[in-house]
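Structure file run.pdb (PDB, C-alpha atoms) is printed below.
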```
ATOM      1  CA  MET A   1      79.441  56.923 103.769  1.00  0.00           C
ATOM      2  CA  GLU A   2      81.955  57.642 101.013  1.00  0.00           C
ATOM      3  CA  HIS A   3      80.758  61.240 100.777  1.00  0.00           C
ATOM      4  CA  LEU A   4      81.288  61.803 104.510  1.00  0.00           C
ATOM      5  CA  GLU A   5      84.843  60.519 104.149  1.00  0.00           C
ATOM      6  CA  HIS A   6      85.419  62.945 101.272  1.00  0.00           C
ATOM      7  CA  ILE A   7      84.207  65.833 103.414  1.00  0.00           C
ATOM      8  CA  ARG A   8      86.522  64.866 106.257  1.00  0.00           C
ATOM      9  CA  GLU A   9      89.529  64.335 103.976  1.00  0.00           C
ATOM     10  CA  ALA A  10      89.067  67.730 102.331  1.00  0.00           C
ATOM     11  CA  ALA A  11      88.518  69.488 105.678  1.00  0.00           C
ATOM     12  CA  ASP A  12      91.565  67.814 107.184  1.00  0.00           C
ATOM     13  CA  TYR A  13      93.736  68.854 104.236  1.00  0.00           C
ATOM     14  CA  ILE A  14      92.508  72.455 104.405  1.00  0.00           C
ATOM     15  CA  SER A  15      92.893  72.752 108.186  1.00  0.00           C
ATOM     16  CA  LYS A  16      96.539  71.677 107.902  1.00  0.00           C
ATOM     17  CA  LYS A  17      97.249  74.324 105.242  1.00  0.00           C
ATOM     18  CA  ILE A  18      95.481  77.410 106.593  1.00  0.00           C
ATOM     19  CA  ASN A  19      96.659  79.765 109.323  1.00  0.00           C
ATOM     20  CA  CYS A  20      93.305  80.647 110.892  1.00  0.00           C
ATOM     21  CA  LYS A  21      90.055  79.183 112.222  1.00  0.00           C
ATOM     22  CA  PRO A  22      87.487  80.612 109.813  1.00  0.00           C
ATOM     23  CA  GLU A  23      84.208  81.787 111.288  1.00  0.00           C
ATOM     24  CA  LEU A  24      82.551  82.973 108.075  1.00  0.00           C
ATOM     25  CA  GLY A  25      82.299  81.254 104.692  1.00  0.00           C
ATOM     26  CA  ILE A  26      81.851  83.310 101.527  1.00  0.00           C
ATOM     27  CA  VAL A  27      81.072  81.981  98.057  1.00  0.00           C
ATOM     28  CA  LEU A  28      81.963  84.594  95.461  1.00  0.00           C
ATOM     29  CA  GLY A  29      79.959  84.701  92.250  1.00  0.00           C
ATOM     30  CA  THR A  30      80.654  86.248  88.882  1.00  0.00           C
ATOM     31  CA  GLY A  31      81.902  89.807  89.226  1.00  0.00           C
ATOM     32  CA  LEU A  32      82.778  89.455  92.900  1.00  0.00           C
ATOM     33  CA  GLY A  33      86.217  87.865  92.546  1.00  0.00           C
ATOM     34  CA  ASN A  34      87.964  91.126  93.395  1.00  0.00           C
ATOM     35  CA  ILE A  35      86.738  90.838  96.994  1.00  0.00           C
ATOM     36  CA  ALA A  36      89.396  88.169  97.397  1.00  0.00           C
ATOM     37  CA  GLU A  37      92.060  90.839  96.867  1.00  0.00           C
ATOM     38  CA  GLN A  38      90.919  92.554 100.076  1.00  0.00           C
ATOM     39  CA  ILE A  39      91.630  89.518 102.258  1.00  0.00           C
ATOM     40  CA  GLN A  40      94.627  90.064 104.519  1.00  0.00           C
ATOM     41  CA  ASN A  41      97.068  87.474 105.878  1.00  0.00           C
ATOM     42  CA  SER A  42      95.731  85.073 103.288  1.00  0.00           C
ATOM     43  CA  VAL A  43      96.551  81.494 102.445  1.00  0.00           C
ATOM     44  CA  VAL A  44      95.436  80.495  98.949  1.00  0.00           C
ATOM     45  CA  LEU A  45      94.713  76.920  97.908  1.00  0.00           C
ATOM     46  CA  ASP A  46      93.873  75.889  94.353  1.00  0.00           C
ATOM     47  CA  TYR A  47      90.837  73.625  94.123  1.00  0.00           C
ATOM     48  CA  ASP A  48      93.036  71.187  92.172  1.00  0.00           C
ATOM     49  CA  GLU A  49      95.117  70.476  95.274  1.00  0.00           C
ATOM     50  CA  ILE A  50      92.196  69.950  97.690  1.00  0.00           C
ATOM     51  CA  PRO A  51      91.024  66.328  97.854  1.00  0.00           C
ATOM     52  CA  HIS A  52      87.656  65.722  96.157  1.00  0.00           C
ATOM     53  CA  PHE A  53      87.126  69.342  95.045  1.00  0.00           C
ATOM     54  CA  ALA A  54      85.984  69.722  91.455  1.00  0.00           C
ATOM     55  CA  LYS A  55      87.705  72.010  88.993  1.00  0.00           C
ATOM     56  CA  SER A  56      85.806  75.094  87.908  1.00  0.00           C
ATOM     57  CA  THR A  57      85.629  75.251  84.118  1.00  0.00           C
ATOM     58  CA  VAL A  58      83.909  78.641  83.912  1.00  0.00           C
ATOM     59  CA  LYS A  59      86.320  81.173  82.391  1.00  0.00           C
ATOM     60  CA  PHE A  60      86.147  83.837  85.100  1.00  0.00           C
ATOM     61  CA  HIS A  61      85.987  81.526  88.120  1.00  0.00           C
ATOM     62  CA  SER A  62      89.472  81.321  89.568  1.00  0.00           C
ATOM     63  CA  GLY A  63      89.058  78.029  91.411  1.00  0.00           C
ATOM     64  CA  LYS A  64      90.747  79.128  94.625  1.00  0.00           C
ATOM     65  CA  LEU A  65      89.964  78.735  98.301  1.00  0.00           C
ATOM     66  CA  ILE A  66      91.270  81.641 100.359  1.00  0.00           C
ATOM     67  CA  CYS A  67      91.563  81.812 104.132  1.00  0.00           C
ATOM     68  CA  GLY A  68      92.399  85.043 105.903  1.00  0.00           C
ATOM     69  CA  GLU A  69      90.941  88.179 107.442  1.00  0.00           C
ATOM     70  CA  LEU A  70      88.288  90.438 105.951  1.00  0.00           C
ATOM     71  CA  GLU A  71      86.815  93.327 107.946  1.00  0.00           C
ATOM     72  CA  ASN A  72      88.202  91.861 111.193  1.00  0.00           C
ATOM     73  CA  LYS A  73      86.567  88.481 110.543  1.00  0.00           C
ATOM     74  CA  SER A  74      88.329  85.212 109.883  1.00  0.00           C
ATOM     75  CA  VAL A  75      86.963  84.037 106.536  1.00  0.00           C
ATOM     76  CA  LEU A  76      87.151  81.120 104.145  1.00  0.00           C
ATOM     77  CA  VAL A  77      86.321  82.309 100.638  1.00  0.00           C
ATOM     78  CA  MET A  78      85.538  80.346  97.506  1.00  0.00           C
ATOM     79  CA  GLN A  79      86.811  82.406  94.579  1.00  0.00           C
ATOM     80  CA  GLY A  80      84.909  80.688  91.826  1.00  0.00           C
ATOM     81  CA  ARG A  81      82.665  77.689  92.095  1.00  0.00           C
ATOM     82  CA  PHE A  82      81.489  74.729  90.069  1.00  0.00           C
ATOM     83  CA  HIS A  83      78.053  74.159  88.629  1.00  0.00           C
ATOM     84  CA  PHE A  84      75.640  71.406  87.716  1.00  0.00           C
ATOM     85  CA  TYR A  85      75.746  72.510  84.064  1.00  0.00           C
ATOM     86  CA  GLU A  86      79.484  71.737  84.032  1.00  0.00           C
ATOM     87  CA  GLY A  87      78.552  68.078  84.441  1.00  0.00           C
ATOM     88  CA  TYR A  88      79.262  67.673  88.156  1.00  0.00           C
ATOM     89  CA  PRO A  89      76.794  65.797  90.370  1.00  0.00           C
ATOM     90  CA  MET A  90      75.051  67.783  93.116  1.00  0.00           C
ATOM     91  CA  ARG A  91      76.971  65.845  95.763  1.00  0.00           C
ATOM     92  CA  GLN A  92      80.254  67.253  94.419  1.00  0.00           C
ATOM     93  CA  ILE A  93      78.875  70.759  93.850  1.00  0.00           C
ATOM     94  CA  THR A  94      77.785  71.029  97.485  1.00  0.00           C
ATOM     95  CA  LEU A  95      80.969  69.480  98.891  1.00  0.00           C
ATOM     96  CA  PRO A  96      82.751  72.812  99.637  1.00  0.00           C
ATOM     97  CA  VAL A  97      79.847  74.085 101.762  1.00  0.00           C
ATOM     98  CA  ARG A  98      79.773  70.816 103.688  1.00  0.00           C
ATOM     99  CA  VAL A  99      83.531  71.072 104.164  1.00  0.00           C
ATOM    100  CA  MET A 100      83.086  74.602 105.532  1.00  0.00           C
ATOM    101  CA  PHE A 101      80.614  73.221 108.063  1.00  0.00           C
ATOM    102  CA  GLU A 102      83.086  70.463 109.002  1.00  0.00           C
ATOM    103  CA  LEU A 103      85.665  73.208 109.613  1.00  0.00           C
ATOM    104  CA  GLY A 104      83.325  74.908 112.098  1.00  0.00           C
ATOM    105  CA  ILE A 105      81.828  77.593 109.863  1.00  0.00           C
ATOM    106  CA  ARG A 106      78.209  78.284 110.757  1.00  0.00           C
ATOM    107  CA  THR A 107      77.625  81.464 108.744  1.00  0.00           C
ATOM    108  CA  LEU A 108      77.698  81.380 104.946  1.00  0.00           C
ATOM    109  CA  VAL A 109      77.347  84.301 102.537  1.00  0.00           C
TER
END
```

Reformat the file's structure so that it appears as structure tokens.
Amino acid sequence: MEHLEHIREAADYISKKINCKPELGIVLGTGLGNIAEQIQNSVVLDYDEIPHFAKSTVKFHSGKLICGELENKSVLVMQGRFHFYEGYPMRQITLPVRVMFELGIRTLV
């Protein structure tokens, strides 16, 4: 039950901060961070400010959630992610994808 509350709290926080209803979720991996620069009309949130999001400790993972438009699609992009080898439990690692679903995203890349 606690995990479901965390998902809802994070989704609620994000929905109040962003200026769009994202239809596509994108998780950027190593070397793909520059895609975030192509997002127009963007709102950028640091993972640190989103309730229950972990902090990425990998050097080249920015730790930002970006909402905006990419190729005429409303997107929510994870620029950087967190990993099991960083010491986070799977429940916390998968939280952002579950939050995307809570926000109405049904397509994930």

Exercise for review: Please evaluate the PyMOL selection byres ((chain A and resi 107) around 9) against the structure above and give the resulting residues as a PyMOL selection string.
Suggested key: chain A and resi 23-26+101+105-106+108-109

Just C-alpha atoms for this one: save the residues we selected as a PDB file, keeping the file's coordinate frame.
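Saved the output as result.pdb:
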```pdb
ATOM      1  CA  GLU A  23      84.208  81.787 111.288  1.00  0.00           C
ATOM      2  CA  LEU A  24      82.551  82.973 108.075  1.00  0.00           C
ATOM      3  CA  GLY A  25      82.299  81.254 104.692  1.00  0.00           C
ATOM      4  CA  ILE A  26      81.851  83.310 101.527  1.00  0.00           C
ATOM      5  CA  PHE A 101      80.614  73.221 108.063  1.00  0.00           C
ATOM      6  CA  ILE A 105      81.828  77.593 109.863  1.00  0.00           C
ATOM      7  CA  ARG A 106      78.209  78.284 110.757  1.00  0.00           C
ATOM      8  CA  LEU A 108      77.698  81.380 104.946  1.00  0.00           C
ATOM      9  CA  VAL A 109      77.347  84.301 102.537  1.00  0.00           C
TER      10      VAL A 109
END
```

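Take the candidates A:Val77, A:Val97, A:Leu70, A:Leu32 and check each one against Leu45 of chain A using all atoms listed in the file; the shortest distance goes to A:Val77.
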
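Note that atom CA of Leu103 of chain A and atom CA of Val44 of chain A are 16.2 Å apart.
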
Check your understanding: Of the candidates A:Val43, A:Leu76, A:Ile18, A:Leu4, which shows the shortest atom-to-atom distance to Gln92 of chain A, using all atoms listed in the file?
Key -> A:Leu4

Study note, to complete from the structure: Shortest contact to Glu5 of chain A, candidates A:Met90, A:Pro51, A:Ile66, A:Val75, atoms counted only C-alpha atoms, goes to A:Pro51

Study note, to complete from the structure: Using all atoms listed in the file, the best pick from A:Ser74, A:Gln79, A:Tyr47, A:Leu65 as closest to Gly31 of chain A would be A:Gln79

Point to revise | Atomic separation - atom CA of Arg91 of chain A relative to atom CA of Gly68 of chain A, Å | key: 26.6 Å

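Between atom CA of Ala11 of chain A and atom CA of Val99 of chain A the interatomic distance comes to 5.4 Å.
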
**Study point:** Ground truth for the PyMOL selection byres ((chain A and resi 86) around 12), written as a list of chain:residue names
**Key:** A:Ala54, A:Lys55, A:Ser56, A:Thr57, A:Val58, A:Lys59, A:Arg81, A:Phe82, A:His83, A:Phe84, A:Tyr85, A:Gly87, A:Tyr88, A:Pro89, A:Met90, A:Gln92, A:Ile93

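Comparing the minimum interatomic distances between Asn72 of chain A and each of A:His52, A:Leu95, A:Gln38, A:Glu102, counting only C-alpha atoms, we find that A:Gln38 sits nearest.
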
Practice item. Find the spatial neighbours of Gly80 of chain A, counting only C-alpha atoms, within a cut-off of 7 Å - ignore same-chain residues fewer than 4 positions away - and output them as a VMD selection string. Key: chain A and resid 28 to 29 56 61 to 64

So that I have them on file, write out the residues from the current selection with C-alpha atoms, as a PDB file, in the frame of the given file.
```pdb
ATOM      1  CA  LEU A  28      81.963  84.594  95.461  1.00  0.00           C
ATOM      2  CA  GLY A  29      79.959  84.701  92.250  1.00  0.00           C
ATOM      3  CA  SER A  56      85.806  75.094  87.908  1.00  0.00           C
ATOM      4  CA  HIS A  61      85.987  81.526  88.120  1.00  0.00           C
ATOM      5  CA  SER A  62      89.472  81.321  89.568  1.00  0.00           C
ATOM      6  CA  GLY A  63      89.058  78.029  91.411  1.00  0.00           C
ATOM      7  CA  LYS A  64      90.747  79.128  94.625  1.00  0.00           C
TER       8      LYS A  64
END
```

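Proximity ranking of A:Arg98, A:Glu69, A:Asp46, A:Phe53 relative to Lys17 of chain A places A:Asp46 first, based on only C-alpha atoms.
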
Find the axis-aligned box for segment 75-80 of chain A, covering all its listed atoms and adding 5 Å on each side, and write its centre and edge lengths in Å to one decimal as lines of an AutoDock Vina configuration file.
```
center_x = 86.0
center_y = 82.2
center_z = 99.2
size_x = 12.2
size_y = 13.7
size_z = 24.7
```
